[in-house]
Amino acid sequence: MTVLTTAEGKRLSVTFSEIDEKGNIIRENERVNKVVVDQAALSNVKELEDFAQRIIDGE
């Protein structure tokens, strides 16, 4: 999962695989991209970005 800041806003990119009950890969390296419009999700993204910045700043 990656969050990118683009001209459209915060873009969420998710890469995943689907595996059956026997461990066989049904779908591999599938991707979904969405612009985040949900305000609660945007608030969570902001909180994680702030947390990452504090790590960088050495706080």
# chains A, B, ... in the order shown; residues from 1 in each chain; ligands from 1
call {"tool": "select_by_dssp", "arguments": {"residues": "region 8-52 of chain A", "states": "alpha helix (DSSP H)", "output": "list in words"}}
result
Gln39, Ala40, Ala41, Leu42, Ser43, Asn44, Val45, Lys46, Glu47, Leu48, Glu49, Asp50, Phe51 and Ala52 of chain A
call {"tool": "write_last_selection", "arguments": {"atoms": "all heavy atoms", "output": "JSON list (two decimals), in the first residue's frame"}}
result
[["chain", "number", "residue", "atom", "x", "y", "z"],
["A", 39, "GLN", "N", -13.26, 11.55, 4.27],
["A", 39, "GLN", "CA", -12.59, 12.48, 5.18],
["A", 39, "GLN", "C", -11.90, 11.78, 6.35],
["A", 39, "GLN", "O", -10.81, 12.18, 6.77],
["A", 39, "GLN", "CB", -13.59, 13.53, 5.70],
["A", 39, "GLN", "CG", -14.04, 14.50, 4.63],
["A", 39, "GLN", "CD", -12.88, 15.22, 3.98],
["A", 39, "GLN", "OE1", -12.03, 15.80, 4.64],
["A", 39, "GLN", "NE2", -12.83, 15.20, 2.65],
["A", 40, "ALA", "N", -12.49, 10.71, 6.87],
["A", 40, "ALA", "CA", -11.85, 9.96, 7.96],
["A", 40, "ALA", "C", -10.56, 9.31, 7.47],
["A", 40, "ALA", "O", -9.54, 9.34, 8.17],
["A", 40, "ALA", "CB", -12.81, 8.91, 8.51],
["A", 41, "ALA", "N", -10.58, 8.76, 6.27],
["A", 41, "ALA", "CA", -9.37, 8.14, 5.70],
["A", 41, "ALA", "C", -8.30, 9.20, 5.46],
["A", 41, "ALA", "O", -7.12, 8.98, 5.73],
["A", 41, "ALA", "CB", -9.70, 7.39, 4.42],
["A", 42, "LEU", "N", -8.70, 10.36, 4.95],
["A", 42, "LEU", "CA", -7.74, 11.45, 4.72],
["A", 42, "LEU", "C", -7.11, 11.91, 6.03],
["A", 42, "LEU", "O", -5.92, 12.21, 6.08],
["A", 42, "LEU", "CB", -8.42, 12.63, 4.03],
["A", 42, "LEU", "CG", -8.69, 12.45, 2.54],
["A", 42, "LEU", "CD1", -9.60, 13.56, 2.02],
["A", 42, "LEU", "CD2", -7.38, 12.42, 1.77],
["A", 43, "SER", "N", -7.90, 11.93, 7.09],
["A", 43, "SER", "CA", -7.38, 12.30, 8.41],
["A", 43, "SER", "C", -6.34, 11.28, 8.87],
["A", 43, "SER", "O", -5.30, 11.66, 9.42],
["A", 43, "SER", "CB", -8.53, 12.39, 9.41],
["A", 43, "SER", "OG", -8.04, 12.67, 10.70],
["A", 44, "ASN", "N", -6.61, 10.00, 8.63],
["A", 44, "ASN", "CA", -5.66, 8.95, 8.99],
["A", 44, "ASN", "C", -4.38, 9.04, 8.18],
["A", 44, "ASN", "O", -3.28, 8.84, 8.70],
["A", 44, "ASN", "CB", -6.29, 7.57, 8.83],
["A", 44, "ASN", "CG", -7.36, 7.30, 9.86],
["A", 44, "ASN", "OD1", -7.29, 7.79, 10.99],
["A", 44, "ASN", "ND2", -8.36, 6.53, 9.48],
["A", 45, "VAL", "N", -4.50, 9.36, 6.89],
["A", 45, "VAL", "CA", -3.32, 9.54, 6.04],
["A", 45, "VAL", "C", -2.48, 10.69, 6.58],
["A", 45, "VAL", "O", -1.26, 10.58, 6.72],
["A", 45, "VAL", "CB", -3.73, 9.80, 4.57],
["A", 45, "VAL", "CG1", -2.56, 10.31, 3.76],
["A", 45, "VAL", "CG2", -4.32, 8.54, 3.95],
["A", 46, "LYS", "N", -3.12, 11.79, 6.93],
["A", 46, "LYS", "CA", -2.41, 12.95, 7.48],
["A", 46, "LYS", "C", -1.70, 12.59, 8.77],
["A", 46, "LYS", "O", -0.54, 12.96, 8.98],
["A", 46, "LYS", "CB", -3.41, 14.09, 7.72],
["A", 46, "LYS", "CG", -2.87, 15.28, 8.47],
["A", 46, "LYS", "CD", -2.20, 16.26, 7.54],
["A", 46, "LYS", "CE", -1.90, 17.58, 8.23],
["A", 46, "LYS", "NZ", -0.60, 17.64, 8.85],
["A", 47, "GLU", "N", -2.35, 11.82, 9.63],
["A", 47, "GLU", "CA", -1.73, 11.40, 10.88],
["A", 47, "GLU", "C", -0.48, 10.57, 10.63],
["A", 47, "GLU", "O", 0.56, 10.76, 11.29],
["A", 47, "GLU", "CB", -2.74, 10.61, 11.72],
["A", 47, "GLU", "CG", -2.25, 10.28, 13.10],
["A", 47, "GLU", "CD", -3.32, 9.62, 13.95],
["A", 47, "GLU", "OE1", -4.51, 9.75, 13.65],
["A", 47, "GLU", "OE2", -2.93, 8.96, 14.93],
["A", 48, "LEU", "N", -0.54, 9.65, 9.67],
["A", 48, "LEU", "CA", 0.63, 8.84, 9.33],
["A", 48, "LEU", "C", 1.75, 9.68, 8.70],
["A", 48, "LEU", "O", 2.93, 9.46, 8.99],
["A", 48, "LEU", "CB", 0.24, 7.70, 8.40],
["A", 48, "LEU", "CG", -0.51, 6.55, 9.06],
["A", 48, "LEU", "CD1", -1.08, 5.61, 8.01],
["A", 48, "LEU", "CD2", 0.39, 5.81, 10.02],
["A", 49, "GLU", "N", 1.38, 10.63, 7.86],
["A", 49, "GLU", "CA", 2.39, 11.51, 7.26],
["A", 49, "GLU", "C", 3.08, 12.35, 8.34],
["A", 49, "GLU", "O", 4.31, 12.53, 8.31],
["A", 49, "GLU", "CB", 1.75, 12.40, 6.20],
["A", 49, "GLU", "CG", 1.35, 11.67, 4.95],
["A", 49, "GLU", "CD", 0.59, 12.52, 3.96],
["A", 49, "GLU", "OE1", -0.06, 13.50, 4.37],
["A", 49, "GLU", "OE2", 0.63, 12.20, 2.77],
["A", 50, "ASP", "N", 2.31, 12.85, 9.29],
["A", 50, "ASP", "CA", 2.88, 13.62, 10.40],
["A", 50, "ASP", "C", 3.80, 12.76, 11.24],
["A", 50, "ASP", "O", 4.89, 13.19, 11.64],
["A", 50, "ASP", "CB", 1.78, 14.22, 11.27],
["A", 50, "ASP", "CG", 0.99, 15.32, 10.58],
["A", 50, "ASP", "OD1", 1.44, 15.82, 9.51],
["A", 50, "ASP", "OD2", -0.08, 15.67, 11.10],
["A", 51, "PHE", "N", 3.41, 11.51, 11.51],
["A", 51, "PHE", "CA", 4.22, 10.57, 12.26],
["A", 51, "PHE", "C", 5.55, 10.32, 11.54],
["A", 51, "PHE", "O", 6.62, 10.37, 12.15],
["A", 51, "PHE", "CB", 3.46, 9.26, 12.46],
["A", 51, "PHE", "CG", 4.25, 8.18, 13.13],
["A", 51, "PHE", "CD1", 4.56, 8.27, 14.47],
["A", 51, "PHE", "CD2", 4.66, 7.08, 12.42],
["A", 51, "PHE", "CE1", 5.29, 7.27, 15.11],
["A", 51, "PHE", "CE2", 5.39, 6.07, 13.03],
["A", 51, "PHE", "CZ", 5.71, 6.17, 14.38],
["A", 52, "ALA", "N", 5.47, 10.09, 10.23],
["A", 52, "ALA", "CA", 6.69, 9.86, 9.44],
["A", 52, "ALA", "C", 7.60, 11.08, 9.48],
["A", 52, "ALA", "O", 8.83, 10.94, 9.60],
["A", 52, "ALA", "CB", 6.32, 9.50, 8.00]]
call {"tool": "select_by_dssp", "arguments": {"residues": "chain A", "states": "strand (DSSP E)", "output": "PyMOL selection string"}}
result
chain A and resi 2-6+9-19+25-35
call {"tool": "residues_around", "arguments": {"residues": "Thr2 (chain A)", "least_positions_apart": "3", "cutoff": "8 Å", "atoms": "only C-alpha atoms", "output": "VMD selection string"}}
result
chain A and resid 12 to 14
call {"tool": "write_last_selection", "arguments": {"atoms": "all heavy atoms", "output": "compact mmCIF listing (two decimals), in the first residue's frame"}}
result
# COMPACT_ATOMS: atom_id res chain seq x y z
N LEU A 12 -4.32 6.46 -3.28
CA LEU A 12 -4.01 5.22 -2.59
C LEU A 12 -3.79 4.13 -3.64
O LEU A 12 -4.65 3.90 -4.49
CB LEU A 12 -5.15 4.82 -1.65
CG LEU A 12 -5.00 3.51 -0.90
CD1 LEU A 12 -3.85 3.60 0.10
CD2 LEU A 12 -6.29 3.15 -0.20
N SER A 13 -2.64 3.50 -3.59
CA SER A 13 -2.31 2.41 -4.50
C SER A 13 -2.12 1.14 -3.67
O SER A 13 -1.32 1.14 -2.73
CB SER A 13 -1.03 2.75 -5.27
OG SER A 13 -0.65 1.67 -6.09
N VAL A 14 -2.87 0.10 -4.00
CA VAL A 14 -2.81 -1.16 -3.26
C VAL A 14 -2.45 -2.28 -4.25
O VAL A 14 -3.05 -2.38 -5.31
CB VAL A 14 -4.16 -1.49 -2.58
CG1 VAL A 14 -4.09 -2.80 -1.83
CG2 VAL A 14 -4.60 -0.35 -1.67
call {"tool": "residues_around", "arguments": {"residues": "region 26-36 of chain A", "least_positions_apart": "2", "cutoff": "7 Å", "atoms": "only C-alpha atoms", "output": "PyMOL selection string"}}
result
chain A and resi 9-20+24+38+42
